[in-house]
>>> print(open('my_file18.txt').read())   # compact mmCIF, C-alpha atoms
# COMPACT_ATOMS: atom_id res chain seq x y z
CA MET A 13 126.28 -51.51 -11.16
CA ALA A 14 125.44 -54.39 -8.94
CA LYS A 15 124.40 -53.38 -5.48
CA LYS A 16 126.99 -54.45 -2.96
CA GLU A 17 126.28 -54.76 0.68
CA ILE A 18 128.47 -52.07 2.19
CA SER A 19 129.39 -54.09 5.26
CA LYS A 20 130.95 -56.68 2.94
CA VAL A 21 132.92 -54.07 1.01
CA ASN A 22 134.26 -52.54 4.20
CA PRO A 23 134.16 -54.92 7.14
CA SER A 24 134.84 -52.12 9.60
CA ILE A 25 131.30 -50.85 8.96
CA LYS A 26 128.90 -52.31 11.45
CA LYS A 27 125.17 -52.22 11.01
CA LEU A 28 123.12 -50.13 13.38
CA LYS A 29 119.91 -50.87 15.19
CA LEU A 30 117.31 -48.86 16.99
CA LEU A 31 116.73 -50.12 20.51
CA VAL A 32 113.34 -49.29 21.97
CA THR A 33 113.05 -49.71 25.74
CA VAL A 34 109.79 -49.12 27.60
CA VAL A 35 110.14 -48.76 31.38
CA ASP A 36 108.56 -46.95 34.30
CA ARG A 37 109.34 -43.27 34.19
CA SER A 38 111.10 -43.31 37.55
CA LYS A 39 113.58 -45.84 36.18
CA ALA A 40 114.23 -44.08 32.87
CA LEU A 41 117.48 -42.40 33.90
CA PHE A 42 118.72 -45.63 35.42
CA TYR A 43 118.29 -47.45 32.11
CA MET A 44 119.73 -44.58 30.09
CA ASP A 45 122.87 -44.59 32.27
CA LEU A 46 123.04 -48.36 31.91
CA LEU A 47 122.90 -48.14 28.11
CA GLU A 48 125.57 -45.46 28.02
CA GLN A 49 128.09 -48.04 29.21
CA PHE A 50 127.73 -49.80 25.86
CA GLU A 51 129.16 -47.00 23.71
CA VAL A 52 125.71 -45.63 23.00
CA ASN A 53 126.16 -42.00 22.01
CA MET A 54 122.64 -40.96 21.21
CA GLN A 55 119.55 -41.62 23.21
CA THR A 56 116.15 -39.98 23.20
CA MET A 57 113.48 -40.34 25.84
CA LEU A 58 109.80 -39.94 25.10
CA TYR A 59 107.06 -39.74 27.67
CA GLY A 60 104.33 -42.29 27.25
CA LYS A 61 101.70 -43.98 29.26
CA GLY A 62 100.95 -47.65 29.67
CA THR A 63 97.55 -49.02 28.78
CA ALA A 64 97.22 -52.05 31.02
CA GLY A 65 93.63 -52.44 32.20
CA LYS A 66 92.56 -51.06 35.58
CA GLU A 67 91.58 -54.49 36.87
CA ILE A 68 94.99 -55.97 36.06
CA LEU A 69 96.75 -53.05 37.71
CA SER A 70 94.83 -53.27 40.97
CA TYR A 71 95.26 -57.03 40.99
CA LEU A 72 99.01 -56.67 40.80
CA GLY A 73 99.03 -53.75 43.22
CA LEU A 74 100.57 -51.43 40.69
CA ALA A 75 99.65 -47.82 40.30
CA GLU A 76 102.15 -46.31 37.93
CA THR A 77 101.16 -46.23 34.28
CA GLU A 78 103.51 -43.41 33.39
CA LYS A 79 106.14 -44.85 31.13
CA ALA A 80 109.27 -43.69 29.42
CA VAL A 81 110.15 -44.85 25.93
CA ILE A 82 113.90 -44.75 25.38
CA LEU A 83 115.17 -44.78 21.81
CA SER A 84 118.84 -45.63 21.47
CA ILE A 85 120.99 -46.24 18.43
CA ILE A 86 123.19 -49.27 19.04
CA ARG A 87 125.68 -51.24 17.01
CA GLU A 88 124.51 -54.62 15.80
CA ASP A 89 127.50 -56.46 17.31
CA LYS A 90 126.61 -55.08 20.74
CA THR A 91 122.95 -56.12 20.57
CA LYS A 92 123.27 -59.43 22.34
CA GLU A 93 125.35 -58.06 25.18
CA ILE A 94 123.02 -55.10 25.72
CA LEU A 95 119.82 -57.13 25.66
CA GLU A 96 121.23 -59.69 28.07
CA THR A 97 122.14 -56.93 30.51
CA ILE A 98 118.80 -55.21 30.16
CA SER A 99 116.73 -58.35 30.59
CA GLU A 100 118.71 -59.21 33.70
CA LYS A 101 117.92 -55.77 35.14
CA PHE A 102 114.24 -56.20 34.19
CA GLU A 103 114.11 -59.20 36.50
CA LYS A 104 116.32 -58.05 39.34
CA VAL A 105 115.68 -54.34 39.82
CA LYS A 106 112.70 -53.41 41.97
CA ASN A 107 110.00 -51.74 39.84
CA GLY A 108 112.41 -52.11 36.95
CA LYS A 109 110.17 -54.28 34.78
CA GLY A 110 109.90 -53.31 31.15
CA ILE A 111 110.18 -54.47 27.59
CA ALA A 112 112.84 -53.86 24.99
CA TYR A 113 113.20 -54.69 21.32
CA THR A 114 115.39 -53.73 18.40
CA ILE A 115 114.54 -52.59 14.89
CA PRO A 116 117.21 -52.84 12.18
CA LEU A 117 118.08 -49.56 10.47
CA LYS A 118 118.04 -49.72 6.70
CA SER A 119 120.06 -46.70 5.69
CA ILE A 120 121.91 -43.74 7.09
CA ILE A 121 123.75 -40.81 5.52
CA GLY A 122 126.83 -38.89 6.62
CA VAL A 123 130.23 -40.26 7.65
CA SER A 124 130.51 -38.21 10.82
CA VAL A 125 126.94 -39.08 11.75
CA TYR A 126 127.73 -42.74 11.35
CA GLN A 127 130.92 -42.39 13.40
CA PHE A 128 129.01 -40.63 16.12
CA LEU A 129 126.21 -43.19 16.26
CA SER A 130 128.47 -46.21 16.10
CA ASN A 131 131.20 -44.67 18.28
CA SER A 132 133.95 -45.73 15.87
CA GLN A 133 136.72 -43.18 15.53
CA THR A 134 138.89 -45.61 13.62
CA PHE A 135 136.42 -45.90 10.77
CA LYS A 136 137.56 -42.76 8.97
CA LYS A 137 141.20 -43.81 8.74
CA GLU A 138 140.31 -47.30 7.53
CA ALA A 139 137.92 -45.94 4.96
CA GLN A 140 140.59 -43.63 3.60
CA ALA A 141 143.11 -46.46 3.44
CA ASN A 142 140.65 -48.55 1.44
CA GLU A 143 139.99 -45.86 -1.12
CA MET B 7 109.45 -69.03 19.97
CA SER B 8 107.19 -66.74 18.06
CA ASN B 9 108.26 -63.69 16.13
CA PHE B 10 107.13 -60.26 17.16
CA GLU B 11 106.29 -57.12 15.27
CA VAL B 12 105.58 -53.67 16.60
CA ILE B 13 102.40 -51.94 15.48
CA LEU B 14 102.54 -48.16 15.35
CA CYS B 15 99.14 -46.52 15.16
CA ILE B 16 99.01 -42.74 14.74
CA ILE B 17 95.61 -41.34 15.71
CA ASN B 18 94.00 -38.08 16.75
CA ALA B 19 94.42 -37.35 20.44
CA GLY B 20 91.80 -38.92 22.66
CA PHE B 21 91.26 -42.11 20.69
CA SER B 22 94.02 -44.21 22.24
CA GLU B 23 91.49 -46.00 24.48
CA ASP B 24 89.47 -47.03 21.42
CA ALA B 25 92.57 -48.29 19.66
CA MET B 26 93.73 -50.23 22.71
CA ASP B 27 90.28 -51.72 23.31
CA THR B 28 90.26 -53.03 19.74
CA ALA B 29 93.80 -54.37 19.99
CA ARG B 30 93.19 -56.00 23.35
CA MET B 31 90.01 -57.62 22.10
CA LEU B 32 92.01 -59.16 19.25
CA GLY B 33 94.72 -60.59 21.48
CA ALA B 34 97.24 -57.84 22.25
CA ARG B 35 98.44 -57.72 25.84
CA GLY B 36 99.22 -54.05 26.31
CA GLY B 37 100.59 -51.00 24.65
CA THR B 38 102.24 -47.65 25.21
CA VAL B 39 100.76 -44.31 24.26
CA ILE B 40 103.01 -41.44 23.22
CA ASN B 41 101.82 -37.88 22.67
CA ALA B 42 102.78 -36.43 19.32
CA ARG B 43 102.13 -33.54 16.98
CA GLY B 44 101.06 -34.05 13.41
CA THR B 45 102.17 -31.77 10.61
CA ALA B 46 99.91 -31.31 7.63
CA SER B 47 100.66 -29.28 4.54
CA LYS B 48 99.80 -25.63 5.31
CA GLU B 49 99.05 -25.07 1.61
CA ALA B 50 96.51 -27.85 1.49
CA GLU B 51 94.88 -26.58 4.65
CA LYS B 52 94.43 -23.13 3.10
CA ILE B 53 93.13 -24.40 -0.23
CA PHE B 54 90.57 -26.72 1.27
CA ASN B 55 89.86 -24.38 4.15
CA ILE B 56 90.05 -27.09 6.77
CA THR B 57 92.15 -27.53 9.84
CA ILE B 58 93.84 -30.78 10.59
CA GLN B 59 94.03 -31.50 14.25
CA PRO B 60 97.75 -31.43 15.07
CA GLU B 61 97.43 -33.17 18.42
CA LYS B 62 98.10 -36.83 17.85
CA GLU B 63 98.77 -39.92 19.82
CA ILE B 64 100.98 -42.82 18.81
CA VAL B 65 99.96 -46.19 20.15
CA MET B 66 102.82 -48.66 20.19
CA ILE B 67 101.84 -52.32 20.52
CA LEU B 68 104.22 -55.26 20.45
CA VAL B 69 102.38 -58.29 19.09
CA PRO B 70 103.22 -61.78 17.80
CA SER B 71 103.44 -61.81 14.00
CA ASP B 72 100.63 -64.31 13.62
CA ILE B 73 97.97 -61.98 15.04
CA LYS B 74 99.24 -58.69 13.64
CA ASP B 75 97.11 -58.83 10.48
CA ALA B 76 93.94 -59.28 12.50
CA ILE B 77 94.84 -56.36 14.74
CA LEU B 78 95.73 -54.10 11.81
CA LYS B 79 92.39 -54.90 10.20
CA GLY B 80 90.62 -54.20 13.49
CA LEU B 81 92.42 -50.89 13.91
CA TYR B 82 91.57 -49.90 10.34
CA ASP B 83 87.90 -50.55 10.99
CA SER B 84 87.68 -48.87 14.40
CA VAL B 85 90.16 -45.98 14.23
CA GLY B 86 91.06 -45.90 10.51
CA VAL B 87 91.14 -42.91 8.16
CA ASN B 88 87.38 -42.99 7.64
CA THR B 89 86.61 -42.57 11.33
CA PRO B 90 86.94 -39.50 13.59
CA ALA B 91 90.22 -40.89 14.87
CA GLN B 92 91.72 -40.55 11.35
CA GLY B 93 94.31 -43.13 12.24
CA ILE B 94 96.97 -44.86 10.23
CA ALA B 95 98.64 -48.03 11.38
CA PHE B 96 101.68 -49.93 10.21
CA THR B 97 104.08 -52.50 11.56
CA LEU B 98 107.84 -52.69 11.79
CA PRO B 99 109.82 -55.91 11.98
CA VAL B 100 111.45 -56.48 15.32
CA ASP B 101 114.60 -58.50 15.82
CA ASP B 102 115.12 -59.27 19.48
CA VAL B 103 112.57 -58.93 22.23
CA VAL B 104 113.24 -59.12 25.94
CA GLY B 105 110.98 -58.54 28.93
CA ILE B 106 107.80 -60.07 27.49
CA SER B 107 106.67 -63.52 28.53
CA THR B 108 106.81 -65.71 25.45
CA ALA B 109 105.09 -68.64 27.15
CA LYS B 110 101.66 -69.22 25.70
>>> encode(input="my_file18.txt", output="structure tokens")
Amino acid sequence: MAKKEISKVNPSIKKLKLLVTVVDRSKALFYMDLLEQFEVNMQTMLYGKGTAGKEILSYLGLAETEKAVILSIIREDKTKEILETISEKFEKVKNGKGIAYTIPLKSIIGVSVYQFLSNSQTFKKEAQANE
Amino acid sequence: MSNFEVILCIINAGFSEDAMDTARMLGARGGTVINARGTASKEAEKIFNITIQPEKEIVMILVPSDIKDAILKGLYDSVGVNTPAQGIAFTLPVDDVVGISTAK
């Protein structure tokens, strides 16, 4: 059987992406709250540390190298909106500088898992109607 | 606008400085180090009577695609599987990047 792209078979299925955000640890909760506004149901925070050289840090008058890595599952159609908001905060919030990027997810299993991650309650009904 | 990729380098704890020094020398700007725990097969450990150090570090480096091969090669040579760091490195494609200055 020819492999069909599932999002073409059922247009209500949106692709998911993993959003990785690296920020100062003190700002981690701020960014997690910010992301929650965009129907992001699952987020994980990891503790990391930055590796910028000592000389660069002292030159810029920065001391904090403790970072938080936030992993969030987002819907592809929300990507642009989310990244625009985040990059605006990177520039405007004091000590809020960071980087963010997205990685496309290739596959996922479980209807309820998908519903949870994509925050789409309507998906189940539509899927049943299409069967 | 250049494309980016993220390099993930999993190494034994304590070698993140070595990995970053190599990466920085080859053009990377900075990276993030995450503490992690490795899991090796318990069976294999018993049979070969060795212990695999479970304390690991993951070095995450966002680099332009055009220099990622050089950095991967550098990491393989300095912290690869044949060194005490016993590292593995791979890259993931990245779609959208914000917060990094793309001006060269």
>>> closest_residue(input="my_file18.txt", among="A:Ser84, A:Thr97, A:Gln49, A:Thr33", to="Ala112 in chain A", atoms="all atoms listed in the file")
A:Thr33
>>> interface_residues(input="my_file18.txt", of="chain B", to="chain A", cutoff="8 Å", atoms="only C-alpha atoms", output="list in words")
Met26, Arg35, Gly36, Gly37, Thr38, Val39, Ile40, Asn41, Leu98, Pro99, Val100, Asp101, Asp102, Val103, Val104, Gly105 and Ile106 of chain B
>>> write_last_selection(input="my_file18.txt", atoms="C-alpha atoms", output="compact mmCIF listing (two decimals), in the coordinates of the input")
# COMPACT_ATOMS: atom_id res chain seq x y z
CA MET B 26 93.73 -50.23 22.71
CA ARG B 35 98.44 -57.72 25.84
CA GLY B 36 99.22 -54.05 26.31
CA GLY B 37 100.59 -51.00 24.65
CA THR B 38 102.24 -47.65 25.21
CA VAL B 39 100.76 -44.31 24.26
CA ILE B 40 103.01 -41.44 23.22
CA ASN B 41 101.82 -37.88 22.67
CA LEU B 98 107.84 -52.69 11.79
CA PRO B 99 109.82 -55.91 11.98
CA VAL B 100 111.45 -56.48 15.32
CA ASP B 101 114.60 -58.50 15.82
CA ASP B 102 115.12 -59.27 19.48
CA VAL B 103 112.57 -58.93 22.23
CA VAL B 104 113.24 -59.12 25.94
CA GLY B 105 110.98 -58.54 28.93
CA ILE B 106 107.80 -60.07 27.49
>>> residues_around(input="my_file18.txt", residues="Phe50 in chain A", least_positions_apart="5", cutoff="12 Å", atoms="all atoms listed in the file", output="PyMOL selection string")
chain A and resi 43-45+55+84-95+97-98+129-131
>>> atom_distance(input="my_file18.txt", atom1="CA of Val69 in chain B", atom2="CA of Val12 in chain B")
6.1 Å
>>> residues_near_point(input="my_file18.txt", point="(94.8, -47.6, 18.7)", cutoff="12 Å", atoms="all atoms listed in the file", output="ChimeraX atom specification")
/A:63 /B:13-32,34,36-40,62-67,77-86,91-96
>>> atom_distance(input="my_file18.txt", atom1="CA of Arg37 in chain A", atom2="CA of Leu68 in chain B")
18.9 Å
>>> atom_distance(input="my_file18.txt", atom1="CA of Glu61 in chain B", atom2="CA of Ala46 in chain B")
11.2 Å
>>> residues_around(input="my_file18.txt", residues="Pro70 in chain B", least_positions_apart="2", cutoff="9 Å", atoms="only C-alpha atoms", output="list of chain:residue names")
B:Ser8, B:Asn9, B:Phe10, B:Glu11, B:Val12, B:Ala34, B:Leu68, B:Asp72, B:Ile73, B:Lys74
